[in-house]
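Q: Here you go, this is target-v9.txt (compact mmCIF, C-alpha atoms).
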```
# COMPACT_ATOMS: atom_id res chain seq x y z
CA MET Q 1 103.08 252.78 41.06
CA ALA Q 2 101.71 252.13 37.61
CA GLN Q 3 98.46 250.27 37.47
CA THR Q 4 98.42 246.90 35.79
CA LEU Q 5 95.50 245.22 34.11
CA SER Q 6 94.64 241.75 32.95
CA LEU Q 7 92.33 240.56 30.21
CA LEU Q 8 90.58 237.25 30.73
CA TYR Q 9 89.55 235.62 27.50
CA ASP Q 10 88.69 232.27 26.04
CA ARG Q 11 88.63 233.47 22.46
CA VAL Q 12 90.45 236.44 21.07
CA ARG Q 13 87.79 238.14 18.97
CA VAL Q 14 88.23 241.51 17.25
CA GLU Q 15 87.17 243.20 20.48
CA GLU Q 16 89.83 241.49 22.60
CA LYS Q 17 92.53 242.23 20.02
CA GLU Q 18 91.54 245.87 20.03
CA ILE Q 19 91.58 246.06 23.83
CA ILE Q 20 95.10 244.57 23.83
CA ASN Q 21 96.19 247.09 21.17
CA ALA Q 22 94.61 249.99 23.03
CA ALA Q 23 96.56 249.14 26.18
CA GLN Q 24 99.77 248.91 24.18
CA LYS Q 25 99.17 252.31 22.60
CA LYS Q 26 98.60 253.87 25.99
CA GLY Q 27 101.67 252.21 27.46
CA VAL Q 28 99.55 250.32 29.97
CA GLU Q 29 100.61 246.88 31.11
CA LEU Q 30 97.79 244.49 30.29
CA ARG Q 31 98.30 240.79 30.69
CA PRO Q 32 96.10 238.60 28.48
CA ILE Q 33 95.13 235.42 30.34
CA ASP Q 34 93.56 232.43 28.63
CA ALA Q 35 90.74 231.26 30.88
CA LYS Q 36 90.92 227.81 29.32
CA GLU Q 37 94.36 227.36 30.84
CA LEU Q 38 93.44 228.66 34.23
CA HIS Q 39 92.72 226.88 37.48
CA LEU Q 40 91.98 228.77 40.64
CA LYS Q 41 92.16 227.76 44.26
CA ILE Q 42 88.90 229.08 45.62
CA THR Q 43 89.66 228.28 49.24
CA ASP Q 44 92.72 230.53 49.16
CA LEU Q 45 91.64 234.13 49.47
CA ASN Q 46 95.01 235.74 48.87
CA LYS Q 47 95.12 238.19 46.02
CA ASP Q 48 96.73 236.66 42.98
CA GLU Q 49 99.14 239.20 41.52
CA ILE Q 50 98.93 237.91 37.97
CA PHE Q 51 95.51 239.52 37.56
CA GLY Q 52 96.85 243.00 38.30
CA ASP Q 53 94.77 245.77 39.84
CA VAL Q 54 91.80 245.30 37.56
CA ALA Q 55 90.79 242.29 35.48
CA ILE Q 56 88.75 242.85 32.34
CA GLU Q 57 86.64 239.71 31.95
CA ARG Q 58 85.83 239.03 28.30
CA CYS Q 59 85.04 235.32 28.12
CA VAL Q 60 82.65 234.26 25.36
CA SER Q 61 81.34 231.53 27.63
CA HIS Q 62 79.02 233.29 30.06
CA PHE Q 63 79.27 230.85 32.95
CA ARG Q 64 83.04 230.52 32.65
CA GLY Q 65 83.39 234.29 32.84
CA LEU Q 66 80.85 234.60 35.60
CA TYR Q 67 82.55 232.13 37.92
CA ILE Q 68 85.99 233.55 37.25
CA THR Q 69 84.64 236.97 38.16
CA SER Q 70 83.21 235.67 41.39
CA ILE Q 71 86.46 233.95 42.35
CA LEU Q 72 88.62 236.98 41.54
CA GLU Q 73 86.36 239.34 43.44
CA ASN Q 74 86.53 237.02 46.40
CA LYS Q 75 90.32 237.27 46.20
CA GLY Q 76 90.08 241.07 46.22
CA VAL Q 77 90.60 241.73 42.52
CA THR Q 78 88.38 244.37 40.91
CA VAL Q 79 86.70 242.91 37.85
CA ILE Q 80 85.03 244.63 34.92
CA ASN Q 81 82.19 243.88 34.90
CA PRO Q 82 81.49 243.07 38.53
CA PHE Q 83 79.83 239.73 39.30
CA SER Q 84 76.52 241.35 40.22
CA VAL Q 85 76.35 243.07 36.83
CA ALA Q 86 77.42 240.03 34.79
CA ALA Q 87 74.99 237.74 36.63
CA LEU Q 88 72.09 240.10 36.11
CA CYS Q 89 72.80 240.82 32.45
CA GLY Q 90 73.42 237.15 31.71
CA ASP Q 91 69.90 236.30 32.77
CA LYS Q 92 67.14 237.78 30.62
CA LEU Q 93 64.52 237.16 33.27
CA LEU Q 94 66.37 238.95 36.05
CA CYS Q 95 67.36 241.75 33.69
CA SER Q 96 63.78 242.36 32.50
CA MET Q 97 62.57 242.51 36.09
CA LYS Q 98 65.27 244.99 37.04
CA LEU Q 99 64.45 247.26 34.10
CA ALA Q 100 60.72 247.12 34.82
CA LYS Q 101 61.23 247.86 38.49
CA ALA Q 102 63.27 250.95 37.63
CA GLY Q 103 60.44 252.22 35.43
CA ILE Q 104 62.38 251.71 32.20
CA PRO Q 105 60.07 250.82 29.31
CA THR Q 106 60.72 247.21 28.37
CA PRO Q 107 58.67 244.72 26.32
CA LYS Q 108 55.85 242.94 28.16
CA THR Q 109 57.19 239.59 29.34
CA ILE Q 110 55.49 236.64 30.98
CA VAL Q 111 57.30 233.66 32.45
CA ALA Q 112 55.91 230.14 32.88
CA PHE Q 113 57.52 226.95 34.13
CA THR Q 114 55.80 224.23 32.14
CA LYS Q 115 54.93 223.82 28.49
CA GLU Q 116 51.22 223.68 29.32
CA GLU Q 117 51.26 226.91 31.23
CA ALA Q 118 53.37 228.54 28.52
CA MET Q 119 50.68 227.60 25.97
CA LYS Q 120 48.07 229.15 28.25
CA VAL Q 121 50.10 232.36 28.37
CA LEU Q 122 50.19 232.48 24.57
CA GLU Q 123 46.52 231.57 24.06
CA GLU Q 124 44.98 233.66 26.79
CA GLU Q 125 47.24 236.58 27.52
CA MET Q 126 49.98 237.28 25.03
CA GLY Q 127 48.39 236.22 21.75
CA TYR Q 128 50.36 235.74 18.52
CA PRO Q 129 52.91 236.62 17.34
CA ALA Q 130 55.07 236.40 20.41
CA VAL Q 131 58.74 235.67 21.04
CA ILE Q 132 60.21 232.93 23.19
CA LYS Q 133 63.75 233.33 24.48
CA PRO Q 134 66.01 231.19 26.62
CA VAL Q 135 66.87 233.07 29.82
CA PHE Q 136 70.59 232.70 29.13
CA GLY Q 137 72.74 232.55 26.02
CA SER Q 138 72.93 234.97 23.18
CA TRP Q 139 73.70 235.82 19.59
CA GLY Q 140 69.98 235.30 19.14
CA ARG Q 141 70.43 231.58 19.66
CA LEU Q 142 67.17 229.66 20.23
CA ILE Q 143 65.18 232.85 20.13
CA ALA Q 144 62.09 232.06 18.11
CA PRO Q 145 59.07 233.95 16.84
CA LEU Q 146 55.83 232.18 17.69
CA LYS Q 147 53.52 233.08 14.82
CA ASP Q 148 50.58 230.84 15.65
CA ARG Q 149 49.42 228.01 17.88
CA GLU Q 150 50.92 225.26 15.69
CA THR Q 151 54.40 226.80 15.69
CA ALA Q 152 54.17 227.43 19.42
CA GLN Q 153 53.17 223.87 20.21
CA ALA Q 154 55.94 222.39 18.07
CA LEU Q 155 58.53 224.71 19.51
CA LEU Q 156 57.52 224.22 23.12
CA GLU Q 157 57.57 220.46 22.62
CA ASP Q 158 61.12 220.73 21.28
CA ARG Q 159 62.03 222.89 24.23
CA GLU Q 160 60.66 220.26 26.62
CA GLU Q 161 62.97 217.66 25.09
CA MET Q 162 66.09 219.74 25.69
CA GLY Q 163 68.18 218.50 28.55
CA ASN Q 164 69.11 221.78 30.14
CA PRO Q 165 66.60 222.62 32.89
CA LEU Q 166 67.01 226.33 32.13
CA TYR Q 167 65.19 225.71 28.83
CA GLN Q 168 62.18 224.76 30.95
CA ILE Q 169 61.93 228.37 32.07
CA TYR Q 170 59.57 229.76 29.43
CA TYR Q 171 60.33 233.44 28.93
CA ILE Q 172 57.66 234.75 26.58
CA GLN Q 173 57.77 238.26 25.29
CA GLU Q 174 55.43 240.34 23.20
CA MET Q 175 56.57 240.64 19.59
CA VAL Q 176 57.33 244.33 19.40
CA GLU Q 177 56.35 246.02 16.17
CA ARG Q 178 59.51 247.75 15.09
CA PRO Q 179 61.44 248.67 11.96
CA PRO Q 180 63.88 245.91 10.88
CA ARG Q 181 66.54 247.34 13.15
CA ASP Q 182 67.34 247.96 16.78
CA ILE Q 183 69.69 250.33 18.54
CA ARG Q 184 72.82 249.01 20.22
CA THR Q 185 74.58 251.46 22.50
CA VAL Q 186 77.93 250.77 24.07
CA VAL Q 187 78.11 252.33 27.51
CA VAL Q 188 81.40 252.61 29.41
CA GLY Q 189 80.85 253.57 33.04
CA ASP Q 190 78.61 256.64 32.99
CA GLN Q 191 79.44 257.56 29.40
CA ILE Q 192 77.91 256.62 26.09
CA ALA Q 193 80.71 255.43 23.81
CA ALA Q 194 78.85 254.77 20.59
CA SER Q 195 75.41 253.99 19.34
CA ILE Q 196 74.47 252.13 16.20
CA TYR Q 197 71.43 250.86 14.39
CA ARG Q 198 71.68 247.13 13.82
CA TYR Q 199 69.75 246.04 10.75
CA SER Q 200 68.74 242.42 10.47
CA ALA Q 201 70.38 240.39 7.74
CA PRO Q 202 68.10 239.90 4.70
CA ASP Q 203 67.42 236.29 5.61
CA ASP Q 204 66.86 236.78 9.34
CA TRP Q 205 64.52 238.70 11.64
CA ARG Q 206 67.07 239.06 14.43
CA THR Q 207 69.38 242.06 14.36
CA ASN Q 208 72.45 240.48 15.98
CA ILE Q 209 75.69 241.37 14.21
CA ALA Q 210 76.68 237.76 15.01
CA ARG Q 211 73.76 236.77 12.74
CA GLY Q 212 74.98 238.92 9.87
CA GLY Q 213 73.21 242.13 10.91
CA LYS Q 214 74.56 245.38 9.50
CA ALA Q 215 75.55 248.50 11.43
CA GLU Q 216 74.92 252.20 10.88
CA VAL Q 217 75.62 255.17 13.17
CA CYS Q 218 72.68 256.26 15.30
CA ASN Q 219 72.48 259.77 16.68
CA LEU Q 220 70.70 259.56 19.99
CA THR Q 221 68.23 262.15 21.20
CA GLU Q 222 68.84 263.59 24.66
CA ASP Q 223 65.88 261.65 26.05
CA LEU Q 224 67.15 258.39 24.69
CA ARG Q 225 70.67 259.05 25.97
CA ALA Q 226 69.25 259.61 29.42
CA LEU Q 227 67.16 256.44 29.24
CA ILE Q 228 70.10 254.31 28.09
CA LEU Q 229 72.38 255.67 30.80
CA LYS Q 230 69.69 255.00 33.36
CA ALA Q 231 69.39 251.39 32.16
CA ALA Q 232 73.16 250.96 32.49
CA GLU Q 233 73.06 252.43 35.98
CA VAL Q 234 70.14 250.25 37.03
CA VAL Q 235 72.01 247.02 36.24
CA GLY Q 236 75.01 248.26 38.19
CA THR Q 237 77.27 250.12 35.70
CA GLY Q 238 80.20 248.74 33.76
CA VAL Q 239 81.11 248.15 30.14
CA LEU Q 240 77.71 247.35 28.71
CA GLY Q 241 75.67 247.00 25.57
CA VAL Q 242 72.21 248.48 25.95
CA ASP Q 243 69.74 247.33 23.28
CA ALA Q 244 66.69 249.42 22.44
CA MET Q 245 63.87 249.10 19.93
CA GLU Q 246 61.72 251.79 18.35
CA THR Q 247 58.03 251.07 18.73
CA LYS Q 248 54.92 253.12 17.91
CA GLU Q 249 54.52 253.84 21.60
CA GLY Q 250 58.13 254.95 21.98
CA ILE Q 251 61.44 253.37 22.83
CA VAL Q 252 61.71 250.14 24.77
CA ILE Q 253 64.91 248.72 26.22
CA HIS Q 254 64.83 244.97 25.84
CA GLU Q 255 68.26 243.90 26.94
CA VAL Q 256 71.48 244.98 28.63
CA ASN Q 257 74.55 242.91 27.76
CA SER Q 258 77.67 242.36 29.81
CA THR Q 259 80.84 241.43 27.83
CA VAL Q 260 79.53 243.64 25.05
CA GLU Q 261 80.59 242.97 21.49
CA PHE Q 262 81.33 246.26 19.80
CA LYS Q 263 82.77 245.18 16.46
CA GLY Q 264 79.75 246.61 14.65
CA ALA Q 265 79.87 249.88 16.57
CA MET Q 266 83.61 250.20 16.02
CA SER Q 267 83.33 249.68 12.28
CA VAL Q 268 81.00 252.63 11.74
CA SER Q 269 81.82 255.09 14.53
CA GLU Q 270 84.98 257.09 15.04
CA VAL Q 271 85.02 256.47 18.75
CA ASP Q 272 87.93 254.65 20.33
CA ILE Q 273 85.82 252.21 22.36
CA PRO Q 274 88.75 249.94 23.39
CA GLY Q 275 90.67 253.03 24.55
CA MET Q 276 87.68 254.09 26.65
CA ILE Q 277 87.55 250.62 28.22
CA ILE Q 278 91.24 250.82 29.17
CA ASP Q 279 90.75 254.30 30.65
CA TYR Q 280 87.76 253.06 32.60
CA ALA Q 281 89.76 250.11 33.94
CA LEU Q 282 92.58 252.45 34.99
CA GLU Q 283 90.10 254.71 36.73
CA LYS Q 284 88.79 251.68 38.65
CA ALA Q 285 92.36 250.65 39.50
CA ARG Q 286 93.02 254.01 41.11
CA LYS Q 287 90.07 253.62 43.44
CA MET B 1 103.64 232.75 8.91
CA LYS B 2 102.90 229.27 7.62
CA PHE B 3 100.94 226.57 9.39
CA LYS B 4 99.58 223.13 8.73
CA CYS B 5 95.94 222.54 9.55
CA PRO B 6 95.76 219.97 12.40
CA GLU B 7 92.48 218.74 10.96
CA CYS B 8 93.19 218.28 7.23
CA ASP B 9 96.92 219.01 6.92
CA GLY B 10 96.14 221.84 4.50
CA ASP B 11 98.44 224.87 4.19
CA ILE B 12 97.42 227.96 6.11
CA GLU B 13 99.11 231.31 5.74
CA ALA B 14 98.61 234.14 8.21
CA LYS B 15 100.26 237.53 8.49
CA GLU B 16 100.41 238.57 12.11
CA VAL B 17 98.88 236.29 14.69
CA ILE B 18 98.41 236.62 18.41
CA GLU B 19 97.79 233.90 20.94
CA GLY B 20 94.13 233.04 21.35
CA GLU B 21 93.13 234.27 17.93
CA ILE B 22 90.91 232.08 15.76
CA LEU B 23 91.77 231.24 12.17
CA SER B 24 89.73 229.12 9.89
CA CYS B 25 91.29 226.67 7.51
CA PRO B 26 90.64 227.68 3.88
CA ASP B 27 90.62 224.02 2.87
CA CYS B 28 88.40 222.27 5.40
CA GLY B 29 86.84 225.21 7.25
CA ALA B 30 87.93 224.01 10.70
CA GLU B 31 88.12 226.70 13.36
CA LEU B 32 91.64 226.81 14.74
CA GLU B 33 93.06 228.61 17.72
CA VAL B 34 96.52 230.13 17.70
CA ALA B 35 98.47 228.74 20.64
CA LYS B 36 102.08 228.61 21.72
CA ASP B 37 103.99 225.39 22.13
CA LYS B 38 106.47 224.74 24.95
CA LYS B 39 109.26 226.45 23.03
CA GLY B 40 107.11 229.53 22.56
CA ASN B 41 106.47 228.97 18.87
CA PHE B 42 103.03 229.57 17.43
CA GLU B 43 101.01 226.51 16.59
CA LEU B 44 97.41 225.83 15.65
CA LYS B 45 95.03 223.64 17.59
CA VAL B 46 91.39 222.85 16.95
CA ALA B 47 89.33 225.54 18.69
CA GLU B 48 86.78 224.91 21.40
CA SER B 49 83.35 224.48 19.84
CA GLU B 50 80.50 226.88 20.50
CA GLY B 51 78.73 226.31 23.81
CA GLU B 52 75.12 227.00 24.71
CA ASP B 53 76.15 229.87 26.95
CA TRP B 54 78.28 231.63 24.38
CA GLY B 55 77.65 235.21 23.42
CA GLU B 56 77.10 238.42 25.28
```
Written as structure tokens, how would this file's structure read?
A:
Amino acid sequence: MAQTLSLLYDRVRVEEKEIINAAQKKGVELRPIDAKELHLKITDLNKDEIFGDVAIERCVSHFRGLYITSILENKGVTVINPFSVAALCGDKLLCSMKLAKAGIPTPKTIVAFTKEEAMKVLEEEMGYPAVIKPVFGSWGRLIAPLKDRETAQALLEDREEMGNPLYQIYYIQEMVERPPRDIRTVVVGDQIAASIYRYSAPDDWRTNIARGGKAEVCNLTEDLRALILKAAEVVGTGVLGVDAMETKEGIVIHEVNSTVEFKGAMSVSEVDIPGMIIDYALEKARK
Amino acid sequence: MKFKCPECDGDIEAKEVIEGEILSCPDCGAELEVAKDKKGNFELKVAESEGEDWGE
């Protein structure tokens, strides 16, 4: 019997459109499902046929996608990415720990739980400049460079005022000296699909394409390929975006993203990333 | 395909649209999501605004 797939979305971005097109081209049945119009009975564990053999979860909202994944897995549907992978990658703190534990070079990071202690981290251990990041969320949102004590104090005070308790988890990272670019690699299963340099936009220090960053093809060395694949494996394998930075001391991997955006990579590389994702989903469906 | 912006009533033209896609109104800049009405015709509704947990 032919395998069927579903695509869970809340916004159809370029990536979701391309995944839908790729399935069409391959003659694969893929049902797009709007997560905003979905309700799921979590006490009923019967497999819901509308999701097909494998569901590709592509929600922009992290928590929406995460809970849907958990519910579908509980009902016996295979989801890309699995809950364990999405949960880990959606949390910068957990992800950093996992990378460090696996011996993957990652920027030095210290976590504190009050503003006062966070200041102590900056003054006594990390020094300036440093970077503060929320443990969840992306597109570089609320990621701030702390250049000196005054900026840090002001920023931490703002942070304290924010309602969400997760903003009270102070994830402070060394400011890595790097060229104005980082390396985004799209990994599908155990294969590297494409790798690009992301250059920061002229008016920003962050390299996110969502912030206007520009893309250019990056040819990976064998060592770096191996390191990136290891990082993908360590978080549990799936369709992932592994982000690396070039420092004087060598490469560091600072983040692994679930629900990877590959618009930038697609625009400069010849690789059919959406096609690879469909093939990967089919491979999972056969298992 | 021709639409009216639900926010400012401005004219919006789009070539091919698919459900779930986001268009922005050239007049007022509102972000609009392509949806289907009960009869299965495409319509535009104001898109969900960006949440704190959005992004990869």
Q: Have a look at atom CA of Q:Ser138 and atom CA of Q:Cys59 and let me know their distance in Å, one decimal.
A: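 Atom CA of Q:Ser138 sits 13.1 Å away from atom CA of Q:Cys59.
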Q: Could you tell me, as a PyMOL selection string, which residues have any atom at most 12 Å from (57.0, 224.9, 24.9), counting only C-alpha atoms?
A: chain Q and resi 111-122+131-134+144+146+149-162+167-172
Q: Can you tell me, as a PyMOL selection string, what residues are no more than 10 Å from B:Pro26 when counting all atoms listed in the file, ignoring any on the same chain fewer than 3 positions away?
A: chain B and resi 5+10-13+23+29-31
Q: Kindly provide, as a list in words, the residues of chain B having any atom no farther than 8 Å from an atom of chain Q, counting only C-alpha atoms.
A: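 Interface list for chain B against chain Q: Glu19, Gly20, Glu21, Ile22, Gly51, Glu52, Asp53, Trp54, Gly55 and Glu56 of chain B.
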Q: Neighbouring residues of Q:Thr78 were defined as those with any atom within 8 Å, considering only C-alpha atoms; residues of the same chain fewer than 5 positions away were excluded. Please report them as a short mmCIF file (atom, residue, chain, number, x, y, z; two decimals) with C-alpha atoms, keeping the file's coordinate frame.
A:
```cif
data_model
loop_
_atom_site.label_atom_id
_atom_site.label_comp_id
_atom_site.auth_asym_id
_atom_site.auth_seq_id
_atom_site.Cartn_x
_atom_site.Cartn_y
_atom_site.Cartn_z
CA ASP Q 53 94.77 245.77 39.84
CA VAL Q 54 91.80 245.30 37.56
CA ALA Q 55 90.79 242.29 35.48
CA LEU Q 72 88.62 236.98 41.54
CA GLU Q 73 86.36 239.34 43.44
CA LYS Q 284 88.79 251.68 38.65
CA ALA Q 285 92.36 250.65 39.50
#
```
Q: Grab the atom CA of Q:Glu29 to atom CA of B:Met1 distance for me, in Å with one decimal place.
A: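 Taking atom CA of Q:Glu29 as the start and atom CA of B:Met1 as the end point, the length is 26.5 Å.
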Q: Applying 10 Å and all atoms listed in the file, which residues near B:Phe42 remain after dropping the ones on its own chain fewer than 4 positions away? List them as a list in words.
A: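 The filter keeps Met1, Lys2, Phe3, Val17, Ile18, Glu19, Val34, Ala35, Lys36, Asp37 and Lys38 of chain B.
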Q: Interatomic distance between atom CA of Q:Lys47 and atom CA of Q:Glu18?
A: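 Answer for the atom CA of Q:Lys47 to atom CA of Q:Glu18 separation: 27.3 Å.
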Q: Nearest residue to Q:Ile68 out of Q:Ile110, Q:Met126, Q:Val28, Q:Leu38, using all atoms listed in the file?
A: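 Going through Q:Ile110, Q:Met126, Q:Val28, Q:Leu38 one by one, the smallest distance to Q:Ile68 is for Q:Leu38.
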Q: Pick out the closest residue to Q:Ala232 from this set: Q:Ile278, Q:Met175, Q:Ile104, Q:Ile196. Count all atoms listed in the file.
A: Q:Ile104
Q: Could you check which of Q:Glu222, Q:Asp44, Q:Gly52, Q:Ala102 is closest to Q:Lys75, using all atoms listed in the file?
A: Q:Asp44
Q: Can you take the partial stretch 8-37 of chain B, add N, CA and C atoms, and return it as a short mmCIF file (atom, residue, chain, number, x, y, z; two decimals), in the frame of the given file?
A:
```
data_model
loop_
_atom_site.label_atom_id
_atom_site.label_comp_id
_atom_site.auth_asym_id
_atom_site.auth_seq_id
_atom_site.Cartn_x
_atom_site.Cartn_y
_atom_site.Cartn_z
N CYS B 8 93.13 218.84 8.59
CA CYS B 8 93.19 218.28 7.23
C CYS B 8 94.59 218.36 6.62
N ASP B 9 95.54 218.90 7.39
CA ASP B 9 96.92 219.01 6.92
C ASP B 9 97.09 220.04 5.78
N GLY B 10 96.06 220.82 5.55
CA GLY B 10 96.14 221.84 4.50
C GLY B 10 97.08 222.97 4.90
N ASP B 11 97.54 223.75 3.92
CA ASP B 11 98.44 224.87 4.19
C ASP B 11 97.64 226.10 4.60
N ILE B 12 98.09 226.74 5.66
CA ILE B 12 97.42 227.96 6.11
C ILE B 12 98.47 229.05 6.23
N GLU B 13 98.19 230.18 5.61
CA GLU B 13 99.11 231.31 5.74
C GLU B 13 98.45 232.43 6.52
N ALA B 14 99.16 233.02 7.45
CA ALA B 14 98.61 234.14 8.21
C ALA B 14 99.69 235.19 8.36
N LYS B 15 99.28 236.46 8.35
CA LYS B 15 100.26 237.53 8.49
C LYS B 15 100.73 237.62 9.94
N GLU B 16 100.03 238.46 10.70
CA GLU B 16 100.41 238.57 12.11
C GLU B 16 99.40 237.82 12.94
N VAL B 17 99.84 236.98 13.83
CA VAL B 17 98.88 236.29 14.69
C VAL B 17 99.20 236.59 16.15
N ILE B 18 98.16 236.54 16.97
CA ILE B 18 98.41 236.62 18.41
C ILE B 18 97.76 235.41 19.07
N GLU B 19 98.29 235.07 20.23
CA GLU B 19 97.79 233.90 20.94
C GLU B 19 96.30 234.06 21.25
N GLY B 20 95.56 233.01 21.03
CA GLY B 20 94.13 233.04 21.35
C GLY B 20 93.25 233.36 20.16
N GLU B 21 93.88 233.90 19.12
CA GLU B 21 93.13 234.27 17.93
C GLU B 21 92.62 233.03 17.19
N ILE B 22 91.50 233.20 16.49
CA ILE B 22 90.91 232.08 15.76
C ILE B 22 91.13 232.26 14.26
N LEU B 23 91.65 231.24 13.63
CA LEU B 23 91.77 231.24 12.17
C LEU B 23 90.88 230.14 11.64
N SER B 24 90.42 230.29 10.42
CA SER B 24 89.73 229.12 9.89
C SER B 24 90.50 228.60 8.68
N CYS B 25 90.52 227.29 8.56
CA CYS B 25 91.29 226.67 7.51
C CYS B 25 90.59 226.88 6.17
N PRO B 26 91.28 227.44 5.18
CA PRO B 26 90.64 227.68 3.88
C PRO B 26 90.26 226.37 3.17
N ASP B 27 90.93 225.29 3.52
CA ASP B 27 90.62 224.02 2.87
C ASP B 27 89.41 223.32 3.48
N CYS B 28 89.46 223.08 4.79
CA CYS B 28 88.40 222.27 5.40
C CYS B 28 87.44 223.08 6.26
N GLY B 29 87.77 224.36 6.50
CA GLY B 29 86.84 225.21 7.25
C GLY B 29 86.92 225.05 8.76
N ALA B 30 87.81 224.21 9.24
CA ALA B 30 87.93 224.01 10.70
C ALA B 30 88.32 225.31 11.39
N GLU B 31 87.77 225.53 12.57
CA GLU B 31 88.12 226.70 13.36
C GLU B 31 89.33 226.35 14.21
N LEU B 32 90.39 227.14 14.08
CA LEU B 32 91.64 226.81 14.74
C LEU B 32 92.10 227.96 15.62
N GLU B 33 92.60 227.59 16.78
CA GLU B 33 93.06 228.61 17.72
C GLU B 33 94.58 228.70 17.69
N VAL B 34 95.07 229.92 17.66
CA VAL B 34 96.52 230.13 17.70
C VAL B 34 96.99 229.92 19.14
N ALA B 35 97.94 229.02 19.31
CA ALA B 35 98.47 228.74 20.64
C ALA B 35 99.99 228.79 20.57
N LYS B 36 100.63 228.67 21.72
CA LYS B 36 102.08 228.61 21.72
C LYS B 36 102.51 227.26 22.25
N ASP B 37 103.50 226.66 21.62
CA ASP B 37 103.99 225.39 22.13
C ASP B 37 105.00 225.65 23.26
#
```
